[in-house]
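Inspection log for the structure reproduced underneath, given as structure tokens.
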Amino acid sequence: MKYPETKRDDTKDNYFGTTIADPYRWLENDTSAETKAWVDAENKVAQNYLEQIPYRADFKKRLTDIWNYPKETAPFKVGEYYFFTKNDGLQNQSIWFIKKGLEGKEEIFLDPNTLTADGTAAVSLLGFSHDKKYLAYSVAQAGSDWSNIYVLEIATKNKLGDELKWTKFSGAAWKGNGFYYSKFDEPAKGTNLSAANKYQKVYYHKLGEQQTNDQLIFEDKTNPNLYFGASVTEDERFLIVYASAGTSGNALYYQDLKLPESKIAPLIKGYEHNHSAVDNIGDKLLVNTDLGAENKQVVLVDPQKPDPKNWQKIIPESKLALEGIGTGGGFLWATYLKDASTNIIQFDLKGKKIGEVKLPAIGTVDGFGGYKADKEFFYSFSNFTTPSSIYRYDVAKAESVLYRKSALKLNTDNYETKQVFYPSKDGTRVPMFIVHKKGIKLDGNNPVYLYAYGGFQISLTPGFSLSRMLFLEHGGIYVQPSLRGGSEYGEAWHKGGMLAKKQNVFDDFIAAAEYLVKEKYTNPSKIAISGGSNGGLLVGACMTQRPDLFKVALPAVGVLDMLRYHKFTVGWGWAVEYGTSDKKEDFDYLIKYSPLHNIKRGVNYPATLITTADHDDRVVPAHSFKFAATLQEKYKGENPVLIRIETKAGHGAGKPTTKLIEEAADVWSFVFQNLGMRW
């Protein structure tokens with residue numbers, strides 16, 4: 001492989017007496033002509049390589065064919081109307097539909113495909129007014145986290161004149177004739193995709209007003225590194241403000257909106273634990289919390305006496321991790337994880353267990369929740385071999401009925417899923433799903449695609465992937481371990497893979513590969529590893545720590561420079577998970593696994609395809625740029641080291657269908673080629 005010449009300079013930093021070279025820091029300037037020329041040159045090398053894979057076009061055609069089937073999401077009821085999305089198969093963005101009553105005529109409500117010619121505008125519904133007349137929604141362009149908020153009148157579908165700019169990670173919590181939302185200050189021109197976002201604030205917007213007239217509701221002038229969000233209880237009695245120093249741990253504030261003189265006051269202080277307000281029961285608040293309960297519990301809190309010693313337990317802590325609480329139909333619906341699969345238990349508002357919801361099979365469920373007056377829910381169900389199907393759940397009868405079956409043109413009956421448990425380096429028992437064709441031979445020679453995440457309390461549960469089915473069709477084995485750092489087993493599982501214990505996550509992943517080799521599923525020349533974002537860090541760390549164990553590495557939109565990640569956009573919010581190089585005790589462990597800083601000369605690294613996007617303002621593409629440049633500089637072996645940089649795309653959410661298919665075709669072609677698989 002001949003790679004572009006990448007300029008090196010003599011940039012260096014001193015970390016507590018240790019000098020660290022950073023010769024490719026100039027690639028952090030995402031708007032410079034020099035960086036653009038480098039991106040173009042790298043993309044040309046990657047595309048030249050991919051174009052030579054003989055079955056790449058066949059892969060794309062096959063993907064396009066099987067992708068082209070009607071898709072629909074579970075409907076949810078707001079007032080007289082049901083809302084849901086539909087995609088006829090290959091539309092870039094799914095379209096929001098509406099119908100009056102379940103048997104009503106389906107009408108297009110909001111079509112994101114009309115907002116841009118290339119389908120790169122993504123729409124999210126943020127919140128409905130309590131009188132069910134209005135909807136606030138956001139539009140994000142080209143994959144950026146930045147969005148604008150707009151308002152529609154539901155009955156007429158008329159778009160109002162309201163436009164709120166520079167919002168990010170915001171909802172719309174309605175109260176009366178307006179809503180609460182979160183925004184950052186406008187960044188300096190040309191820095192909107194890379195500059196650190198500081199001092200998020202909560203505002204109240206009244207319909208018909210200009211954004212400049214919005215009322216500032218909550219801020220903290222003393223601390224720039226806090227996230228703020230807002231919610232309002234269903235009866236509009238309480239405003240809840242969430243304050244977080246990062247991606248885990250938060251404080252709660254409240255305001256009794258029934259009392260005109262009421263001020264926003266602390267409900268639960270500190271950032272050491274995780275709390276979310278479920279709803280209110282009269283003048284008290286139901287809170288889901290891990291304070292005093294690592295697997296979480298639901299408590300009733302009196303805002304006038306909020307000290308934890310006064311809390312009333314409603315749903316006590318279980319042996320299973322409580323993933324979330326939904327309300328609706330006058331009940332509480334608790335979603336638990338049992339060995340990384342969904343279990344749902346129904347409780348009354350006093351915490352009495354009504355019963356377990358009977359689900360179609362082991363898998364992942366979404367949709368249990370709604371308004372207090374709802375008599376039914378529609379939920380989606382999927383697992384590794386079952387595409388998303390929609391079920392109608394009758395609350396009074398406690399019964400599920402199939403409402404919409406997937407129209408996928410692919411037979412998935414010939415595959416099986418099993419869950420095994422294997423020991424990690426320190427003896428910790430880790431669960432892992434293994435999916436493959438029935439009757440596969442364990443001869444140590446099967447291609448394996450090993451995917452995981454391991455961080456930020458995010459649990460990986462069974463889910464369906466269309467493009468992954470092509471890998472399974474051709475004899476591949478898909479493997480998904482539940483690494484520490486997630487919340488598959490509650491907060492203890494999360495804490496076991498964060499900060500100074502992050503190496504446990506990499507050890508869990510490496511042990512998964514070793515288990516697969518030992519049990520004769522595969523061998524190191526047949527293993528591809530994959531992960532995105534924090535999972536990209538996982539792949540980068542493991543390919544540099546154990547390059548001998550893997551044949552292909554696919555770090556996607558990865559956090560790869562652990563010494564500087566916190567200096568861009570919202571990276572500061574991950575400090576609670578990783579620690580930062582600003583502290584010596586954190587630097588001492590970060591430098592040991594930071595993928596960028598652990599690439600060595602003379603090592604035979606796996607065939608590597610790094611993927612990122614020019615509008616990724618979550619994990620800025622500089623991580624991937626610097627990692628690719630360093631790997632290409634130091635690695636002189638036979639395996640290709642490529643970087644694929646998508647244009648007009650971001651961290652992943654809202655990516656149009658055309659780009660999803662193109663990227664999947666490239667990535668899977670690379671995997672097949674380098675694992676020696678036949679098409």
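Residues in the structure tokens are named by chain (A, B, ... in the order shown) and by number from 1 within that chain; ligands are numbered from 1 in the order shown.
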ask   = Do you know which residues are at most 9 Å from Lys60 in chain A counting only C-alpha atoms, after dropping those on the same chain fewer than 5 positions away, and could you put them as a PyMOL selection string?
value = chain A and resi 55+65+661-662+664-666
ask   = Which neighbours of range 3-5 of chain A fall inside 9 Å, counting only C-alpha atoms, when residues of the same chain fewer than 4 positions from it are skipped, and could you give them as an MDAnalysis selection string?
value = chainID A and resid 38 41:42 45 629 632:633 641:642
Determine, for each residue of range 363-443 of chain A having at least one atom at most 10 Å from an atom of range 71-76 of chain A, the closest pair of atoms and their separation in Å to one decimal, counting only C-alpha atoms; order by chain and ascending number, as a tab-separated table.
residue	atom	partner	partner_atom	distance
A:Asp366	CA	A:Ala74	CA	8.9
A:Gly367	CA	A:Ala74	CA	7.5
A:Gly369	CA	A:Phe76	CA	9.2
A:Gly370	CA	A:Phe76	CA	7.7
A:Tyr371	CA	A:Phe76	CA	9.9
A:Asp374	CA	A:Phe76	CA	9.9
A:Glu376	CA	A:Phe76	CA	9.6
A:Phe377	CA	A:Phe76	CA	7.3
A:Phe378	CA	A:Ala74	CA	5.6
A:Tyr379	CA	A:Ala74	CA	5.7
A:Ser380	CA	A:Ala74	CA	6.0
A:Phe381	CA	A:Ala74	CA	9.7
A:Pro387	CA	A:Lys71	CA	9.9
A:Ser388	CA	A:Thr73	CA	8.3
A:Ser389	CA	A:Ala74	CA	8.4
A:Ile390	CA	A:Ala74	CA	5.7
A:Tyr391	CA	A:Ala74	CA	7.8
A:Arg392	CA	A:Ala74	CA	8.8
A:Tyr403	CA	A:Ala74	CA	8.9
A:Arg404	CA	A:Glu72	CA	8.1
A:Lys405	CA	A:Glu72	CA	9.4
A:Ser406	CA	A:Lys71	CA	7.1
A:Ala407	CA	A:Lys71	CA	7.4
A:Leu408	CA	A:Lys71	CA	8.5
request  = Extract, using only C-alpha atoms, all DNA, RNA and protein residues at most 6 Å from range 312-321 of chain A, discarding same-chain residues fewer than 3 positions from it, and format them as a PyMOL selection string.
outcome  = chain A and resi 293+295-300+336-337+350-351+489-490
remark   = re CA of Thr612 in chain A and CA of Val39 in chain A: distance 10.8 Å
Distance query range 160-164 of chain A at most 9 Å, only C-alpha atoms, self and fewer than 6 positions along chain excluded, as JSON, numbers by chain = {"A": [147, 148, 149, 150, 151, 152, 153, 183, 205, 207, 208, 209, 210, 211]}
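Nearest to Asn639 in chain A of all the residues A:Pro423, A:Pro547, A:Pro308, A:Gly355 is A:Pro547, based on only C-alpha atoms.
Minimum distance to Ile95 in chain A across A:Glu323, A:Val123, A:Leu63, A:Lys77 (counting only C-alpha atoms) occurs at A:Val123.
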Closest of A:Tyr271, A:Thr461, A:Ile434, A:Asp214 to Lys338 in chain A - atom-to-atom distances counting only C-alpha atoms = A:Thr461
